[in-house]
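Chemist: Please find one structure pasted underneath; my questions will follow.
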Amino acid sequence: MSHDLSDKVILVTGGARGLGEAYARGIVENHGRVVIGDILDEDGRAAADALGDSARYVHLDVTNAESWRDAVEFTVNEFGKLNGLVNNAGVSASGQTVADESLETFQRIIQINLVSVHMGMHTAIPSIRAAGGGSIVNISSAAGLMGMALTSGYGAAKWGVRGLSKIAAVELGRDKIRVNSVHPGMVLTPMTAPTGISLEEGAFPNNPFQRVGRAEELVGAVTYLLSDDSSYTTGAELAVDGGWTAGPSIEYISGQ
Ligand SMILES: NC(=O)c1ccc[n+]([C@@H]2O[C@H](COP(=O)([O-])OP(=O)(O)OC[C@H]3O[C@@H](n4cnc5c(N)ncnc54)[C@H](O)[C@@H]3O)[C@@H](O)[C@H]2O)c1
């Protein structure tokens, strides 16, 4: 799982905990430098401190344009340039149906999980361009690859992230900026822990492995897409979901 990121400076949103923290660690382990942007200042600072001098923390509310400008400026001031962006920050689904989810909730989730991705790319592109190109990884979800019940605003946002990634990819090829989306399945993090999921095999019958994923199992996909190992890959969607979106398992089909 080694993808050389030496000489690359990456901004990771929502990197104070969960998957974002794992991506930030993966970037440093692959010799890159990372700026963690989050609203959880204490956790974010602790996460950056734990990674040493190749990491920084900046307060970043991904729904706020000024906050985005400050974070990109901070990154360039601290590390001299910006080569990549991981749009990872997000909030979970409401767990309500389209019929039940209020417009207010729907719009709040769309704002944090989708509009933020536009804002992030919009703000970071000039700096990535100035660095001679780079890589943007937008974190969607298995819920952005299929119609998942009880995800309403969340699923709509994640489908939007997938589409927006392809649009940016076809627009930015000439700038040597690659844009891809990653689609995690069910992974144990502070976001999903309250649902009571466990890492035990058999505990998650929805995918062929019949288990949920660990955050570390997502990292290689992101470091690969950030690195030059994926120099010919743009506009792609990478499912890292234990086969969940590939289709129903034998056990499911045979009713076992
Ligand atoms: N865990 C899963 O099973 C799973 C599955 C599919 C997709 N994802 C996606 O992966 C990403 C990370 O999920 P996670 O499980 O690590 O969640 P998490 O809740 O553990 O972490 C999310 C991070 O985003 C930050 N964040 C939330 N709102 C923000 C804002 N306005 N500005 C800046 N930061 C903000 C939080 O403070 C937190 O640090 C999310 O986009 C999520 O939708 C997760």
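Order determines the names: the first chain of the structure tokens is A, the second B, and so forth; residues in each chain are numbered 1 upward, and ligands are numbered 1 upward as they are shown.
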DSSP on the backbone: what in segment 11-138 of chain A comes out strand (DSSP E or B), as an MDAnalysis selection string?

Modeler: chainID A and resid 11:13 33:38 55:59 84:87 134:138

Chemist: Check which residues of segment 119-169 of chain A sit at most 7 Å from segment 235-248 of chain A using only C-alpha atoms, and return one row each with the closest pair of atoms and their distance in Å to one decimal, ordered by chain and rising number, as JSON lines.

Modeler:
{"residue": "A:Ala142", "atom": "CA", "partner": "A:Thr245", "partner_atom": "CA", "distance": 6.5}
{"residue": "A:Ser165", "atom": "CA", "partner": "A:Gly235", "partner_atom": "CA", "distance": 6.4}
{"residue": "A:Lys166", "atom": "CA", "partner": "A:Gly235", "partner_atom": "CA", "distance": 4.6}
{"residue": "A:Ala169", "atom": "CA", "partner": "A:Gly235", "partner_atom": "CA", "distance": 5.0}

Chemist: What's the 12 Å shell around Gln210 of chain A, counting only C-alpha atoms, without same-chain residues fewer than 4 positions away, as JSON, numbers by chain?

Modeler: {"A": [185, 186, 197, 198, 199, 200, 201, 202, 203, 204, 205, 206, 241, 242, 243, 244, 248, 249, 250, 251, 252]}

Chemist: Please write the residues from the selection above to a file, keeping all heavy atoms, as a compact mmCIF listing (two decimals), in the first residue's frame.

Modeler:
# COMPACT_ATOMS: atom_id res chain seq x y z
N GLY A 185 -17.91 1.70 1.46
CA GLY A 185 -19.10 0.98 1.94
C GLY A 185 -19.29 1.32 3.41
O GLY A 185 -18.97 2.42 3.85
N MET A 186 -19.79 0.36 4.18
CA MET A 186 -19.99 0.62 5.63
C MET A 186 -18.66 0.43 6.35
O MET A 186 -18.08 -0.66 6.32
CB MET A 186 -21.04 -0.35 6.16
CG MET A 186 -21.39 -0.11 7.61
SD MET A 186 -22.17 1.50 7.91
CE MET A 186 -23.90 1.06 7.82
N ILE A 197 -22.87 -1.02 14.74
CA ILE A 197 -22.17 -1.98 13.89
C ILE A 197 -20.88 -2.46 14.56
O ILE A 197 -20.28 -1.73 15.34
CB ILE A 197 -21.83 -1.41 12.49
CG1 ILE A 197 -20.95 -0.15 12.60
CG2 ILE A 197 -23.08 -1.16 11.69
CD1 ILE A 197 -20.35 0.28 11.30
N SER A 198 -20.49 -3.70 14.24
CA SER A 198 -19.23 -4.22 14.79
C SER A 198 -18.40 -4.78 13.65
O SER A 198 -18.90 -5.05 12.56
CB SER A 198 -19.51 -5.30 15.82
OG SER A 198 -19.59 -6.55 15.17
N LEU A 199 -17.09 -4.97 13.92
CA LEU A 199 -16.19 -5.46 12.89
C LEU A 199 -16.26 -6.98 12.72
O LEU A 199 -15.63 -7.55 11.84
CB LEU A 199 -14.75 -5.06 13.24
CG LEU A 199 -14.40 -3.58 13.00
CD1 LEU A 199 -13.09 -3.22 13.67
CD2 LEU A 199 -14.35 -3.27 11.51
N GLU A 200 -17.07 -7.61 13.53
CA GLU A 200 -17.16 -9.07 13.50
C GLU A 200 -17.61 -9.60 12.13
O GLU A 200 -18.50 -9.00 11.50
CB GLU A 200 -18.23 -9.49 14.51
CG GLU A 200 -17.79 -10.57 15.47
CD GLU A 200 -18.86 -10.73 16.53
OE1 GLU A 200 -18.86 -9.92 17.47
OE2 GLU A 200 -19.70 -11.63 16.36
N GLU A 201 -17.02 -10.71 11.70
CA GLU A 201 -17.45 -11.29 10.43
C GLU A 201 -18.87 -11.85 10.58
O GLU A 201 -19.20 -12.41 11.62
CB GLU A 201 -16.48 -12.41 10.02
CG GLU A 201 -16.09 -12.26 8.58
CD GLU A 201 -14.80 -12.97 8.24
OE1 GLU A 201 -13.72 -12.43 8.54
OE2 GLU A 201 -14.91 -14.06 7.67
N GLY A 202 -19.69 -11.63 9.58
CA GLY A 202 -21.08 -12.09 9.65
C GLY A 202 -22.03 -11.01 10.16
O GLY A 202 -23.25 -11.14 10.05
N ALA A 203 -21.43 -9.93 10.70
CA ALA A 203 -22.28 -8.89 11.30
C ALA A 203 -22.90 -7.95 10.27
O ALA A 203 -23.79 -7.16 10.61
CB ALA A 203 -21.46 -8.08 12.32
N PHE A 204 -22.43 -8.03 9.02
CA PHE A 204 -22.97 -7.12 8.00
C PHE A 204 -23.25 -7.93 6.73
O PHE A 204 -22.41 -8.01 5.83
CB PHE A 204 -21.95 -6.00 7.72
CG PHE A 204 -22.51 -4.87 6.89
CD1 PHE A 204 -23.48 -4.02 7.41
CD2 PHE A 204 -22.07 -4.67 5.59
CE1 PHE A 204 -23.99 -2.98 6.64
CE2 PHE A 204 -22.57 -3.63 4.81
CZ PHE A 204 -23.53 -2.79 5.34
N PRO A 205 -24.42 -8.58 6.65
CA PRO A 205 -24.71 -9.51 5.56
C PRO A 205 -24.88 -8.85 4.19
O PRO A 205 -24.94 -9.55 3.18
CB PRO A 205 -26.03 -10.17 6.00
CG PRO A 205 -26.62 -9.25 6.99
CD PRO A 205 -25.52 -8.46 7.61
N ASN A 206 -24.88 -7.51 4.15
CA ASN A 206 -25.17 -6.81 2.89
C ASN A 206 -24.09 -7.00 1.82
O ASN A 206 -24.34 -6.81 0.64
CB ASN A 206 -25.33 -5.31 3.13
CG ASN A 206 -26.29 -5.01 4.24
OD1 ASN A 206 -26.26 -5.66 5.28
ND2 ASN A 206 -27.16 -4.04 4.04
N ASP A 241 -15.91 -1.11 -0.93
CA ASP A 241 -17.14 -1.39 -0.18
C ASP A 241 -17.35 -2.87 0.11
O ASP A 241 -18.49 -3.30 0.35
CB ASP A 241 -18.34 -0.83 -0.95
CG ASP A 241 -18.52 -1.51 -2.30
OD1 ASP A 241 -17.66 -2.31 -2.71
OD2 ASP A 241 -19.55 -1.24 -2.97
N GLY A 242 -16.27 -3.66 0.03
CA GLY A 242 -16.42 -5.10 0.29
C GLY A 242 -17.36 -5.77 -0.71
O GLY A 242 -17.90 -6.84 -0.43
N GLY A 243 -17.53 -5.15 -1.88
CA GLY A 243 -18.38 -5.74 -2.92
C GLY A 243 -19.87 -5.43 -2.77
O GLY A 243 -20.70 -5.94 -3.53
N TRP A 244 -20.19 -4.56 -1.84
CA TRP A 244 -21.61 -4.24 -1.56
C TRP A 244 -22.37 -3.82 -2.81
O TRP A 244 -23.47 -4.31 -3.09
CB TRP A 244 -21.66 -3.14 -0.51
CG TRP A 244 -22.98 -2.83 0.10
CD1 TRP A 244 -24.16 -3.50 -0.09
CD2 TRP A 244 -23.26 -1.78 1.04
NE1 TRP A 244 -25.15 -2.93 0.68
CE2 TRP A 244 -24.62 -1.88 1.38
CE3 TRP A 244 -22.49 -0.78 1.63
CZ2 TRP A 244 -25.23 -1.00 2.28
CZ3 TRP A 244 -23.10 0.09 2.52
CH2 TRP A 244 -24.45 -0.03 2.84
N PRO A 248 -26.04 -8.54 -5.20
CA PRO A 248 -26.39 -9.39 -4.05
C PRO A 248 -25.47 -10.61 -3.93
O PRO A 248 -25.05 -11.17 -4.95
CB PRO A 248 -27.82 -9.84 -4.35
CG PRO A 248 -28.26 -9.11 -5.56
CD PRO A 248 -27.10 -8.49 -6.22
N SER A 249 -25.16 -11.03 -2.73
CA SER A 249 -24.27 -12.17 -2.48
C SER A 249 -25.00 -13.49 -2.71
O SER A 249 -26.23 -13.54 -2.79
CB SER A 249 -23.77 -12.12 -1.04
OG SER A 249 -24.86 -12.28 -0.17
N ILE A 250 -24.23 -14.59 -2.80
CA ILE A 250 -24.82 -15.94 -2.93
C ILE A 250 -25.77 -16.19 -1.76
O ILE A 250 -26.88 -16.69 -1.93
CB ILE A 250 -23.71 -17.01 -2.95
CG1 ILE A 250 -22.88 -16.90 -4.23
CG2 ILE A 250 -24.31 -18.42 -2.81
CD1 ILE A 250 -21.68 -17.82 -4.28
N GLU A 251 -25.31 -15.83 -0.56
CA GLU A 251 -26.12 -16.06 0.65
C GLU A 251 -27.47 -15.35 0.53
O GLU A 251 -28.52 -15.89 0.89
CB GLU A 251 -25.38 -15.55 1.90
CG GLU A 251 -24.16 -16.35 2.29
CD GLU A 251 -22.94 -16.07 1.42
OE1 GLU A 251 -22.99 -15.14 0.59
OE2 GLU A 251 -21.94 -16.80 1.54
N TYR A 252 -27.43 -14.12 -0.01
CA TYR A 252 -28.66 -13.34 -0.14
C TYR A 252 -29.59 -14.00 -1.16
O TYR A 252 -30.78 -14.20 -0.91
CB TYR A 252 -28.32 -11.90 -0.58
CG TYR A 252 -29.53 -11.02 -0.73
CD1 TYR A 252 -30.03 -10.32 0.37
CD2 TYR A 252 -30.19 -10.91 -1.95
CE1 TYR A 252 -31.16 -9.52 0.24
CE2 TYR A 252 -31.32 -10.12 -2.08
CZ TYR A 252 -31.79 -9.42 -0.99
OH TYR A 252 -32.91 -8.64 -1.12

Chemist: Please identify the residues whose atoms come within 7 Å of ligand 1, using only C-alpha atoms and all ligand atoms, and report them as number ranges by chain.

Modeler: A: 13-20, 37-40, 60-63, 88-92, 112-113, 139-142, 183-192

Chemist: If you keep C-alpha atoms, can you produce a file of those selected residues as a compact mmCIF listing (two decimals), in the first residue's frame?

Modeler:
# COMPACT_ATOMS: atom_id res chain seq x y z
CA THR A 13 -11.22 18.08 5.03
CA GLY A 14 -12.86 16.41 8.01
CA GLY A 15 -9.46 15.02 9.01
CA ALA A 16 -9.89 15.40 12.77
CA ARG A 17 -11.26 11.87 13.17
CA GLY A 18 -12.59 8.82 11.37
CA LEU A 19 -11.71 8.23 7.73
CA GLY A 20 -10.25 11.70 7.23
CA GLY A 37 -9.13 21.08 7.97
CA ASP A 38 -12.05 20.55 10.35
CA ILE A 39 -14.41 22.25 12.77
CA LEU A 40 -13.38 19.97 15.66
CA LEU A 60 -12.11 24.92 8.18
CA ASP A 61 -15.89 24.98 7.98
CA VAL A 62 -16.49 23.48 4.55
CA THR A 63 -19.81 25.31 4.21
CA ASN A 88 -13.92 14.11 2.90
CA ALA A 89 -15.85 16.17 5.49
CA GLY A 90 -19.44 15.09 5.82
CA VAL A 91 -22.39 14.32 8.04
CA SER A 92 -24.45 11.15 8.11
CA ILE A 112 -22.35 20.05 4.04
CA ASN A 113 -21.92 16.97 1.81
CA ILE A 139 -15.38 11.16 -1.03
CA SER A 140 -18.80 9.92 -2.10
CA SER A 141 -20.30 6.68 -0.77
CA ALA A 142 -21.86 3.38 -1.74
CA HIS A 183 -17.14 5.26 -2.59
CA PRO A 184 -16.69 3.69 0.83
CA GLY A 185 -19.10 0.98 1.94
CA MET A 186 -19.99 0.62 5.63
CA VAL A 187 -16.87 1.48 7.64
CA LEU A 188 -16.56 1.64 11.42
CA THR A 189 -15.91 5.30 12.38
CA PRO A 190 -17.35 7.80 14.88
CA MET A 191 -20.02 8.50 12.23
CA THR A 192 -21.27 4.92 12.02

Chemist: Rank A:His3, A:Arg178, A:Arg162, A:Arg33 by their smallest atom-to-atom distance to Arg56 of chain A, using only C-alpha atoms, and report the top residue only.

Modeler: A:Arg33

Chemist: Between atom CA of Ala156 of chain A and atom CA of Ile110 of chain A, what is the distance in Å, rounded to a tenth?

Modeler: 7.5 Å

Chemist: A:Leu5, A:Leu225, A:Leu11, A:Ala46: which is nearest Asn30 of chain A, counting only C-alpha atoms?

Modeler: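 Ranked by minimum distance to Asn30 of chain A, first place goes to A:Leu5.
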
Chemist: Check the smallest atom-to-atom distance from each of A:Ser152, A:Thr75, A:Ser231, A:Asn64 to Val12 of chain A using only C-alpha atoms, then report the winner.

Modeler: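 For Val12 of chain A, the nearest of the given residues is A:Thr75.
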
Chemist: Here is a test: counting only C-alpha atoms, which residue of A:Ala93, A:Val86, A:Ala157, A:Val28 is nearest to Val222 of chain A?

Modeler: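 Under the stated criterion, the closest residue is A:Val86.
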
Chemist: As an exercise, work out the distance from atom CA of Val170 of chain A to atom CA of Thr233 of chain A in Å and give it to one decimal place.

Modeler: 11.5 Å

Chemist: Would you compute the distance between atom CA of Ser230 of chain A and atom CA of Gly134 of chain A? Give it in Å to one decimal.

Modeler: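 Separation of atom CA of Ser230 of chain A and atom CA of Gly134 of chain A: 10.9 Å.
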
Chemist: Which one is closest to Thr234 of chain A: A:Val115, A:Val72, A:Leu85, A:Val137? Count only C-alpha atoms.

Modeler: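 Of the candidates, the smallest distance to Thr234 of chain A is held by A:Val137.
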
Chemist: Residues at most 12 Å from Lys81 of chain A, counting only C-alpha atoms, excluding those fewer than 5 positions away in the same chain, as a ChimeraX atom specification?

Modeler: /A:7-11,33-35,72-76,124-134

Chemist: Would you give me, as a PyMOL selection string, the residues in segment 132-245 of chain A that DSSP reads as helix (DSSP H, G or I)?

Modeler: chain A and resi 142-144+152-175+193-195+216-226+228-230+244-245

Chemist: Let me make sure I understand: among A:Met119, A:Gly95, A:Glu66, A:Leu218, which one has the smallest atom-to-atom distance to Val161 of chain A if we use only C-alpha atoms?

Modeler: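 Answer, going by the shortest atom-to-atom distance: A:Met119.
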
Chemist: Quick one: residues within 12 Å of Val98 of chain A, only C-alpha atoms, excluding same-chain residues fewer than 2 positions away - as an MDAnalysis selection string?

Modeler: chainID A and resid 93:96 100:103 105:106 147:156

Chemist: Would you mind exporting the chosen residues as a short mmCIF file (atom, residue, chain, number, x, y, z; two decimals), in the first residue's frame, restricted to all heavy atoms?

Modeler:
data_model
loop_
_atom_site.label_atom_id
_atom_site.label_comp_id
_atom_site.auth_asym_id
_atom_site.auth_seq_id
_atom_site.Cartn_x
_atom_site.Cartn_y
_atom_site.Cartn_z
N ALA A 93 -26.50 10.37 7.12
CA ALA A 93 -27.88 10.45 6.64
C ALA A 93 -28.82 10.68 7.81
O ALA A 93 -28.51 10.31 8.95
CB ALA A 93 -28.24 9.17 5.91
N SER A 94 -29.98 11.25 7.52
CA SER A 94 -30.96 11.50 8.59
C SER A 94 -31.63 10.21 9.04
O SER A 94 -32.22 10.15 10.11
CB SER A 94 -32.02 12.48 8.09
OG SER A 94 -32.78 11.86 7.07
N GLY A 95 -31.56 9.18 8.18
CA GLY A 95 -32.26 7.94 8.51
C GLY A 95 -33.76 8.03 8.25
O GLY A 95 -34.52 7.15 8.67
N GLN A 96 -34.16 9.08 7.56
CA GLN A 96 -35.59 9.26 7.26
C GLN A 96 -35.88 9.04 5.78
O GLN A 96 -34.98 9.19 4.94
CB GLN A 96 -36.02 10.69 7.65
CG GLN A 96 -35.97 10.92 9.15
CD GLN A 96 -36.18 12.38 9.50
OE1 GLN A 96 -35.64 13.27 8.84
NE2 GLN A 96 -36.96 12.62 10.53
N ASP A 100 -40.53 11.65 4.85
CA ASP A 100 -40.44 12.19 6.22
C ASP A 100 -39.38 13.26 6.40
O ASP A 100 -39.50 14.10 7.30
CB ASP A 100 -40.16 11.05 7.21
CG ASP A 100 -41.36 10.12 7.36
OD1 ASP A 100 -42.48 10.58 7.09
OD2 ASP A 100 -41.15 8.94 7.71
N GLU A 101 -38.32 13.22 5.62
CA GLU A 101 -37.20 14.15 5.86
C GLU A 101 -37.64 15.58 5.53
O GLU A 101 -38.14 15.84 4.43
CB GLU A 101 -35.99 13.76 4.99
CG GLU A 101 -34.75 14.57 5.31
CD GLU A 101 -33.53 14.10 4.52
OE1 GLU A 101 -33.44 14.48 3.33
OE2 GLU A 101 -32.70 13.37 5.06
N SER A 102 -37.43 16.49 6.46
CA SER A 102 -37.85 17.89 6.22
C SER A 102 -36.95 18.53 5.18
O SER A 102 -35.78 18.13 5.00
CB SER A 102 -37.78 18.69 7.52
OG SER A 102 -36.43 18.89 7.89
N LEU A 103 -37.47 19.55 4.53
CA LEU A 103 -36.70 20.28 3.52
C LEU A 103 -35.45 20.89 4.18
O LEU A 103 -34.35 20.90 3.60
CB LEU A 103 -37.56 21.38 2.90
CG LEU A 103 -36.89 22.22 1.81
CD1 LEU A 103 -36.42 21.35 0.65
CD2 LEU A 103 -37.84 23.30 1.31
N THR A 105 -33.72 19.74 6.75
CA THR A 105 -32.70 18.70 6.95
C THR A 105 -32.05 18.34 5.62
O THR A 105 -30.82 18.23 5.52
CB THR A 105 -33.35 17.45 7.59
OG1 THR A 105 -33.90 17.83 8.84
CG2 THR A 105 -32.33 16.33 7.79
N PHE A 106 -32.89 18.16 4.60
CA PHE A 106 -32.37 17.82 3.26
C PHE A 106 -31.35 18.86 2.82
O PHE A 106 -30.24 18.54 2.40
CB PHE A 106 -33.54 17.74 2.27
CG PHE A 106 -33.14 17.40 0.86
CD1 PHE A 106 -32.96 16.07 0.47
CD2 PHE A 106 -32.93 18.40 -0.09
CE1 PHE A 106 -32.57 15.75 -0.84
CE2 PHE A 106 -32.54 18.10 -1.39
CZ PHE A 106 -32.37 16.77 -1.76
N GLY A 147 -29.50 3.37 -5.10
CA GLY A 147 -30.56 4.06 -4.36
C GLY A 147 -30.74 3.39 -3.02
O GLY A 147 -31.33 2.31 -2.92
N MET A 148 -30.19 3.99 -1.97
CA MET A 148 -30.21 3.36 -0.65
C MET A 148 -31.33 3.99 0.18
O MET A 148 -31.34 5.22 0.38
CB MET A 148 -28.85 3.58 0.01
CG MET A 148 -28.57 2.61 1.14
SD MET A 148 -26.98 2.98 1.90
CE MET A 148 -25.84 2.44 0.64
N ALA A 149 -32.25 3.15 0.65
CA ALA A 149 -33.37 3.66 1.45
C ALA A 149 -32.87 4.42 2.67
O ALA A 149 -31.80 4.13 3.21
CB ALA A 149 -34.25 2.49 1.90
N LEU A 150 -33.65 5.38 3.09
CA LEU A 150 -33.41 6.16 4.32
C LEU A 150 -32.16 7.04 4.24
O LEU A 150 -31.59 7.40 5.26
CB LEU A 150 -33.32 5.24 5.56
CG LEU A 150 -34.50 4.28 5.78
CD1 LEU A 150 -34.29 3.43 7.03
CD2 LEU A 150 -35.81 5.05 5.88
N THR A 151 -31.74 7.37 3.00
CA THR A 151 -30.59 8.27 2.89
C THR A 151 -30.95 9.63 2.27
O THR A 151 -30.12 10.53 2.30
CB THR A 151 -29.43 7.66 2.06
OG1 THR A 151 -29.84 7.52 0.71
CG2 THR A 151 -28.97 6.33 2.62
N SER A 152 -32.12 9.76 1.72
CA SER A 152 -32.60 11.02 1.12
C SER A 152 -31.52 12.06 0.81
O SER A 152 -30.81 11.94 -0.19
CB SER A 152 -33.69 11.60 2.02
OG SER A 152 -34.35 12.64 1.35
N GLY A 153 -31.35 13.08 1.64
CA GLY A 153 -30.38 14.15 1.36
C GLY A 153 -28.97 13.62 1.23
O GLY A 153 -28.19 14.05 0.37
N TYR A 154 -28.60 12.65 2.07
CA TYR A 154 -27.25 12.09 2.05
C TYR A 154 -26.97 11.41 0.71
O TYR A 154 -25.97 11.67 0.05
CB TYR A 154 -27.10 11.09 3.20
CG TYR A 154 -25.72 10.47 3.32
CD1 TYR A 154 -24.73 11.11 4.05
CD2 TYR A 154 -25.41 9.26 2.71
CE1 TYR A 154 -23.47 10.55 4.18
CE2 TYR A 154 -24.16 8.69 2.83
CZ TYR A 154 -23.18 9.34 3.57
OH TYR A 154 -21.93 8.78 3.69
N GLY A 155 -27.89 10.53 0.30
CA GLY A 155 -27.71 9.81 -0.96
C GLY A 155 -27.69 10.76 -2.15
O GLY A 155 -26.87 10.64 -3.06
N ALA A 156 -28.60 11.75 -2.12
CA ALA A 156 -28.64 12.73 -3.20
C ALA A 156 -27.32 13.49 -3.28
O ALA A 156 -26.77 13.73 -4.36
CB ALA A 156 -29.81 13.68 -3.00
#
